[in-house]
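Engineer: My structure is below; once you've seen it, I'll send some questions.
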Amino acid sequence: GFATWRLACAYPEQWAAIKTLFTVMTAVALLCFVVSELTRNYSQVDKLWSLLPIAYAWYVAEQSGFGPRTTLMAALVTIWGLRLSYNFARRGGYHWIPWRGEQDYRWAVLQKNPLLSKRLPWAAFNLFFISLYQNTLILLFTLPIVAAWLGQAQPLNWLDAAATLLLLSFIALETVADQQQWNFHKGKRQRQAAGEPLENDNAAGFCNRGLWARVRHPNYAAEQAIWLSYYLFSVAATGRWLNWSL
């Protein structure tokens with residue numbers, strides 16, 4: 001609470017931007033909840049996951065007067081988001097009717113859980129976890145750009161270069177992992193359609209080759225590493241390895 005009060009007093013522009021971001025985030029979360037309840041498609045947040053950080057980052061970059069660091073961060077988030085959106089789109093995640101599209105199979109699995117199988121408990125789970133928690137998480141991992149704005153007087157330095165290199169490397173790693181998974185499932189479906197027997201990792205049902213032979217979820221590991229790298233920009237700007245945006 002004291003840190004929040006100090007931020008609001010010392011940096012009114014940044015605090016106003018944070019309040020705007022949280023207001024928008026709350027409105028988006030409630031919209032996702034209403035739409036998912038009406039359509040019974042609970043992947044509304046998934047459709048926005050790769051797009052909202054782009055909007056949030058460019059909003060902060062604009063508010064900061066397009067400083068070099070915040071503009072660089074917004075550009076990198078855009079590269080991340082467009083790539084992830086492409087991967088989501090080719091899996092059928094988007095539809096010309098916006099609320100339709102592929103639903104994450106895990107939501108249907110969770111709905112069979114005795115604790116969530118009733119209408120009211122599931123609606124509460126949808127509101128507080130699927131809609132509000134996930135949207136809050138999306139905004140929170142974007143907030144290092146606000147910390148970078150706070151240290152805008154600090155010129156770009158070696159840590160910015162390191163963060164950029166790391167972030168691009170992990171985007172490349174995530175791209176390779178997603179492509180390997182895509183190739184695996186595409187090949188599996190082709191064999192199933194042709195009536196051919198499924199062998200080895202095809203029989204197991206999940207990718208077990210390339211990066212997937214070394215890490216169980218290389219795409220998720222890379223995704224987390226991307227946002228840890230993104231946080232380094234706030235360190236470069238503030239000189240603090242541990243700051244509030246962590």
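By convention here, the chains of the structure tokens are called A, B, ... in the order presented, each chain's residues are numbered starting at 1, and ligands are numbered starting at 1 in the order presented.
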Considering only C-alpha atoms, return as a list in words whatever protein or nucleic-acid residues lie within 10 Å of Asp46 in chain A, sequence-local ones (same chain, fewer than 2 positions apart) excluded.
Structural biologist: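 Once the adjacent positions are removed, what remains is Cys32, Tyr42, Ser43, Gln44, Leu48, Trp49, Ser50, Leu51, Ser85, Phe88, Gly93, Tyr94, Glu102, Gln103, Asp104, Ile130, Ser131, Gln134 and Asn135 of chain A.
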Engineer: I need the chosen residues saved as a tab-separated table (two decimals), in the first residue's frame, with C-alpha atoms.
Structural biologist:
chain	number	residue	atom	x	y	z
A	32	CYS	CA	-15.20	-12.15	-21.80
A	42	TYR	CA	-14.98	-20.42	-22.63
A	43	SER	CA	-11.94	-19.56	-24.74
A	44	GLN	CA	-12.76	-15.88	-25.17
A	48	LEU	CA	-7.22	-11.93	-26.79
A	49	TRP	CA	-4.15	-13.36	-25.02
A	50	SER	CA	-1.72	-12.43	-27.81
A	51	LEU	CA	-3.45	-9.15	-28.72
A	85	SER	CA	-1.76	-14.97	-33.03
A	88	PHE	CA	-3.52	-19.65	-32.63
A	93	GLY	CA	-8.84	-20.34	-32.64
A	94	TYR	CA	-10.35	-17.41	-34.55
A	102	GLU	CA	-11.85	-23.56	-31.20
A	103	GLN	CA	-12.38	-23.95	-27.47
A	104	ASP	CA	-9.53	-25.19	-25.27
A	130	ILE	CA	-10.93	-17.78	-16.64
A	131	SER	CA	-12.01	-14.17	-17.07
A	134	GLN	CA	-6.25	-14.54	-16.70
A	135	ASN	CA	-6.91	-10.98	-17.84
Engineer: Counting only C-alpha atoms, what is within 9 Å of Gly101 in chain A, bar same-chain residues fewer than 3 positions away, as JSON, numbers by chain?
Structural biologist: {"A": [41, 43, 47, 92, 93, 94, 95, 96, 97, 98]}
Engineer: Using only C-alpha atoms, which residues sit within 12 Å of Val24 in chain A once same-chain residues fewer than 6 positions away are excluded, as a PyMOL selection string?
Structural biologist: chain A and resi 17-18+30-31+52+55-56+59+132+135-136+139
Engineer: Any chance you can output those residues with all heavy atoms as an mmCIF file, in the first residue's frame?
Structural biologist:
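The new file part.cif reads:
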data_model
loop_
_atom_site.group_PDB
_atom_site.id
_atom_site.type_symbol
_atom_site.label_atom_id
_atom_site.label_comp_id
_atom_site.auth_asym_id
_atom_site.auth_seq_id
_atom_site.Cartn_x
_atom_site.Cartn_y
_atom_site.Cartn_z
ATOM 1 N N ALA A 17 -1.865 6.207 -16.011
ATOM 2 C CA ALA A 17 -1.840 5.187 -17.067
ATOM 3 C C ALA A 17 -2.169 3.810 -16.501
ATOM 4 O O ALA A 17 -2.911 3.030 -17.116
ATOM 5 C CB ALA A 17 -0.474 5.168 -17.747
ATOM 6 N N ILE A 18 -1.615 3.498 -15.315
ATOM 7 C CA ILE A 18 -1.894 2.206 -14.677
ATOM 8 C C ILE A 18 -3.383 2.077 -14.368
ATOM 9 O O ILE A 18 -3.995 1.024 -14.601
ATOM 10 C CB ILE A 18 -1.052 2.048 -13.402
ATOM 11 C CG1 ILE A 18 0.422 1.833 -13.769
ATOM 12 C CG2 ILE A 18 -1.554 0.875 -12.562
ATOM 13 C CD1 ILE A 18 1.361 1.810 -12.570
ATOM 14 N N LEU A 30 -14.838 -8.635 -17.900
ATOM 15 C CA LEU A 30 -16.285 -8.792 -17.732
ATOM 16 C C LEU A 30 -16.947 -9.095 -19.067
ATOM 17 O O LEU A 30 -17.906 -9.883 -19.128
ATOM 18 C CB LEU A 30 -16.877 -7.524 -17.110
ATOM 19 C CG LEU A 30 -16.452 -7.253 -15.661
ATOM 20 C CD1 LEU A 30 -17.030 -5.929 -15.177
ATOM 21 C CD2 LEU A 30 -16.880 -8.397 -14.740
ATOM 22 N N LEU A 31 -16.450 -8.500 -20.138
ATOM 23 C CA LEU A 31 -16.983 -8.797 -21.471
ATOM 24 C C LEU A 31 -16.734 -10.263 -21.828
ATOM 25 O O LEU A 31 -17.620 -10.947 -22.353
ATOM 26 C CB LEU A 31 -16.351 -7.875 -22.507
ATOM 27 C CG LEU A 31 -16.795 -8.098 -23.963
ATOM 28 C CD1 LEU A 31 -18.288 -7.826 -24.107
ATOM 29 C CD2 LEU A 31 -15.994 -7.197 -24.908
ATOM 30 N N LEU A 52 -3.935 -8.361 -26.452
ATOM 31 C CA LEU A 52 -4.014 -7.335 -25.415
ATOM 32 C C LEU A 52 -2.653 -6.760 -25.022
ATOM 33 O O LEU A 52 -2.531 -5.533 -24.863
ATOM 34 C CB LEU A 52 -4.723 -7.905 -24.183
ATOM 35 C CG LEU A 52 -6.231 -8.110 -24.329
ATOM 36 C CD1 LEU A 52 -6.790 -8.862 -23.131
ATOM 37 C CD2 LEU A 52 -6.954 -6.777 -24.502
ATOM 38 N N ALA A 55 -1.716 -3.998 -27.367
ATOM 39 C CA ALA A 55 -2.470 -2.755 -27.116
ATOM 40 C C ALA A 55 -1.969 -2.057 -25.864
ATOM 41 O O ALA A 55 -1.761 -0.828 -25.859
ATOM 42 C CB ALA A 55 -3.957 -3.075 -27.000
ATOM 43 N N TYR A 56 -1.751 -2.816 -24.793
ATOM 44 C CA TYR A 56 -1.276 -2.221 -23.542
ATOM 45 C C TYR A 56 0.092 -1.573 -23.724
ATOM 46 O O TYR A 56 0.346 -0.465 -23.246
ATOM 47 C CB TYR A 56 -1.183 -3.293 -22.450
ATOM 48 C CG TYR A 56 -2.498 -3.893 -22.021
ATOM 49 C CD1 TYR A 56 -2.556 -5.183 -21.479
ATOM 50 C CD2 TYR A 56 -3.702 -3.185 -22.138
ATOM 51 C CE1 TYR A 56 -3.760 -5.745 -21.065
ATOM 52 C CE2 TYR A 56 -4.905 -3.745 -21.740
ATOM 53 C CZ TYR A 56 -4.926 -5.025 -21.204
ATOM 54 O OH TYR A 56 -6.114 -5.581 -20.797
ATOM 55 N N TYR A 59 -0.024 1.594 -25.835
ATOM 56 C CA TYR A 59 -0.650 2.677 -25.070
ATOM 57 C C TYR A 59 0.385 3.339 -24.160
ATOM 58 O O TYR A 59 0.497 4.575 -24.119
ATOM 59 C CB TYR A 59 -1.823 2.148 -24.250
ATOM 60 C CG TYR A 59 -2.321 3.139 -23.222
ATOM 61 C CD1 TYR A 59 -3.060 4.258 -23.599
ATOM 62 C CD2 TYR A 59 -2.037 2.966 -21.873
ATOM 63 C CE1 TYR A 59 -3.502 5.179 -22.659
ATOM 64 C CE2 TYR A 59 -2.477 3.885 -20.923
ATOM 65 C CZ TYR A 59 -3.207 4.990 -21.323
ATOM 66 O OH TYR A 59 -3.635 5.907 -20.388
ATOM 67 N N LEU A 132 -11.355 -13.058 -15.001
ATOM 68 C CA LEU A 132 -10.661 -12.026 -14.231
ATOM 69 C C LEU A 132 -9.188 -12.359 -13.983
ATOM 70 O O LEU A 132 -8.311 -11.520 -14.212
ATOM 71 C CB LEU A 132 -11.374 -11.788 -12.899
ATOM 72 C CG LEU A 132 -12.649 -10.953 -12.974
ATOM 73 C CD1 LEU A 132 -13.408 -11.013 -11.656
ATOM 74 C CD2 LEU A 132 -12.327 -9.500 -13.339
ATOM 75 N N ASN A 135 -7.068 -12.335 -17.312
ATOM 76 C CA ASN A 135 -6.905 -10.976 -17.836
ATOM 77 C C ASN A 135 -5.986 -10.155 -16.943
ATOM 78 O O ASN A 135 -5.192 -9.346 -17.442
ATOM 79 C CB ASN A 135 -8.265 -10.294 -17.982
ATOM 80 C CG ASN A 135 -8.854 -10.476 -19.360
ATOM 81 O OD1 ASN A 135 -8.358 -9.903 -20.335
ATOM 82 N ND2 ASN A 135 -9.885 -11.294 -19.454
ATOM 83 N N THR A 136 -6.082 -10.347 -15.634
ATOM 84 C CA THR A 136 -5.171 -9.648 -14.725
ATOM 85 C C THR A 136 -3.733 -10.079 -14.971
ATOM 86 O O THR A 136 -2.821 -9.249 -15.005
ATOM 87 C CB THR A 136 -5.556 -9.932 -13.262
ATOM 88 O OG1 THR A 136 -6.916 -9.524 -13.049
ATOM 89 C CG2 THR A 136 -4.651 -9.183 -12.302
ATOM 90 N N LEU A 139 -2.232 -8.397 -18.037
ATOM 91 C CA LEU A 139 -1.819 -7.019 -17.777
ATOM 92 C C LEU A 139 -0.568 -6.973 -16.904
ATOM 93 O O LEU A 139 0.355 -6.199 -17.165
ATOM 94 C CB LEU A 139 -2.954 -6.235 -17.117
ATOM 95 C CG LEU A 139 -2.624 -4.793 -16.722
ATOM 96 C CD1 LEU A 139 -2.113 -3.987 -17.912
ATOM 97 C CD2 LEU A 139 -3.836 -4.111 -16.109
#
Engineer: With a distance cut-off of 12 Å and only C-alpha atoms, select the neighbouring residues of Gln111 in chain A, excluding the residue or stretch itself and same-chain residues fewer than 2 positions from it, and output the selection as an mmCIF file with N, CA and C atoms, in the first residue's frame.
Structural biologist:
data_model
loop_
_atom_site.group_PDB
_atom_site.id
_atom_site.type_symbol
_atom_site.label_atom_id
_atom_site.label_comp_id
_atom_site.auth_asym_id
_atom_site.auth_seq_id
_atom_site.Cartn_x
_atom_site.Cartn_y
_atom_site.Cartn_z
ATOM 1 N N ARG A 40 -21.337 -20.300 -24.344
ATOM 2 C CA ARG A 40 -20.781 -21.549 -23.826
ATOM 3 C C ARG A 40 -19.435 -21.882 -24.471
ATOM 4 N N TYR A 42 -15.723 -21.021 -23.742
ATOM 5 C CA TYR A 42 -14.980 -20.422 -22.628
ATOM 6 C C TYR A 42 -13.540 -20.065 -22.982
ATOM 7 N N ASP A 104 -10.539 -24.377 -25.946
ATOM 8 C CA ASP A 104 -9.529 -25.186 -25.274
ATOM 9 C C ASP A 104 -10.203 -26.407 -24.647
ATOM 10 N N TYR A 105 -9.736 -27.589 -25.012
ATOM 11 C CA TYR A 105 -10.364 -28.831 -24.549
ATOM 12 C C TYR A 105 -10.309 -28.973 -23.027
ATOM 13 N N ARG A 106 -9.386 -28.272 -22.388
ATOM 14 C CA ARG A 106 -9.238 -28.419 -20.938
ATOM 15 C C ARG A 106 -10.427 -27.857 -20.168
ATOM 16 N N TRP A 107 -11.131 -26.876 -20.741
ATOM 17 C CA TRP A 107 -12.301 -26.337 -20.046
ATOM 18 C C TRP A 107 -13.388 -27.399 -19.964
ATOM 19 N N ALA A 108 -13.576 -28.164 -21.037
ATOM 20 C CA ALA A 108 -14.586 -29.231 -21.019
ATOM 21 C C ALA A 108 -14.219 -30.309 -20.000
ATOM 22 N N VAL A 109 -12.917 -30.593 -19.880
ATOM 23 C CA VAL A 109 -12.459 -31.573 -18.896
ATOM 24 C C VAL A 109 -12.757 -31.080 -17.481
ATOM 25 N N ASN A 113 -15.445 -32.046 -13.540
ATOM 26 C CA ASN A 113 -15.043 -32.161 -12.145
ATOM 27 C C ASN A 113 -16.272 -31.972 -11.245
ATOM 28 N N PRO A 114 -16.469 -32.860 -10.262
ATOM 29 C CA PRO A 114 -17.665 -32.741 -9.398
ATOM 30 C C PRO A 114 -17.809 -31.378 -8.734
ATOM 31 N N LEU A 115 -16.689 -30.719 -8.428
ATOM 32 C CA LEU A 115 -16.760 -29.416 -7.777
ATOM 33 C C LEU A 115 -17.218 -28.308 -8.720
ATOM 34 N N LEU A 116 -17.094 -28.547 -10.035
ATOM 35 C CA LEU A 116 -17.396 -27.507 -11.014
ATOM 36 C C LEU A 116 -18.531 -27.883 -11.961
ATOM 37 N N SER A 117 -19.099 -29.054 -11.781
ATOM 38 C CA SER A 117 -20.083 -29.547 -12.749
ATOM 39 C C SER A 117 -21.424 -28.816 -12.668
ATOM 40 N N LYS A 118 -21.731 -28.223 -11.529
ATOM 41 C CA LYS A 118 -22.982 -27.469 -11.405
ATOM 42 C C LYS A 118 -22.844 -26.095 -12.041
ATOM 43 N N ARG A 119 -23.978 -25.529 -12.413
ATOM 44 C CA ARG A 119 -23.989 -24.271 -13.173
ATOM 45 C C ARG A 119 -23.359 -23.112 -12.397
ATOM 46 N N LEU A 120 -23.746 -22.942 -11.144
ATOM 47 C CA LEU A 120 -23.262 -21.787 -10.376
ATOM 48 C C LEU A 120 -21.768 -21.881 -10.064
ATOM 49 N N PRO A 121 -21.252 -23.023 -9.580
ATOM 50 C CA PRO A 121 -19.800 -23.122 -9.349
ATOM 51 C C PRO A 121 -18.996 -22.892 -10.620
ATOM 52 N N TRP A 122 -19.496 -23.397 -11.746
ATOM 53 C CA TRP A 122 -18.753 -23.193 -12.999
ATOM 54 C C TRP A 122 -18.765 -21.721 -13.409
ATOM 55 N N ALA A 123 -19.904 -21.046 -13.228
ATOM 56 C CA ALA A 123 -19.974 -19.619 -13.556
ATOM 57 C C ALA A 123 -19.006 -18.825 -12.684
ATOM 58 N N PHE A 125 -16.230 -20.006 -11.338
ATOM 59 C CA PHE A 125 -14.888 -20.328 -11.838
ATOM 60 C C PHE A 125 -14.588 -19.543 -13.107
ATOM 61 N N ASN A 126 -15.575 -19.453 -13.975
ATOM 62 C CA ASN A 126 -15.415 -18.696 -15.219
ATOM 63 C C ASN A 126 -15.143 -17.225 -14.928
#
Engineer: Out of A:Lys186, A:Phe129, A:Arg100, A:Gly67, which residue has the shortest atom-to-atom distance to Thr39 in chain A when counting only C-alpha atoms?
Structural biologist: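 Smallest separation from Thr39 in chain A among the options: A:Arg100.
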Engineer: How far is it from CA of Trp244 in chain A to CA of Trp149 in chain A, in Å with one decimal?
Structural biologist: 13.0 Å
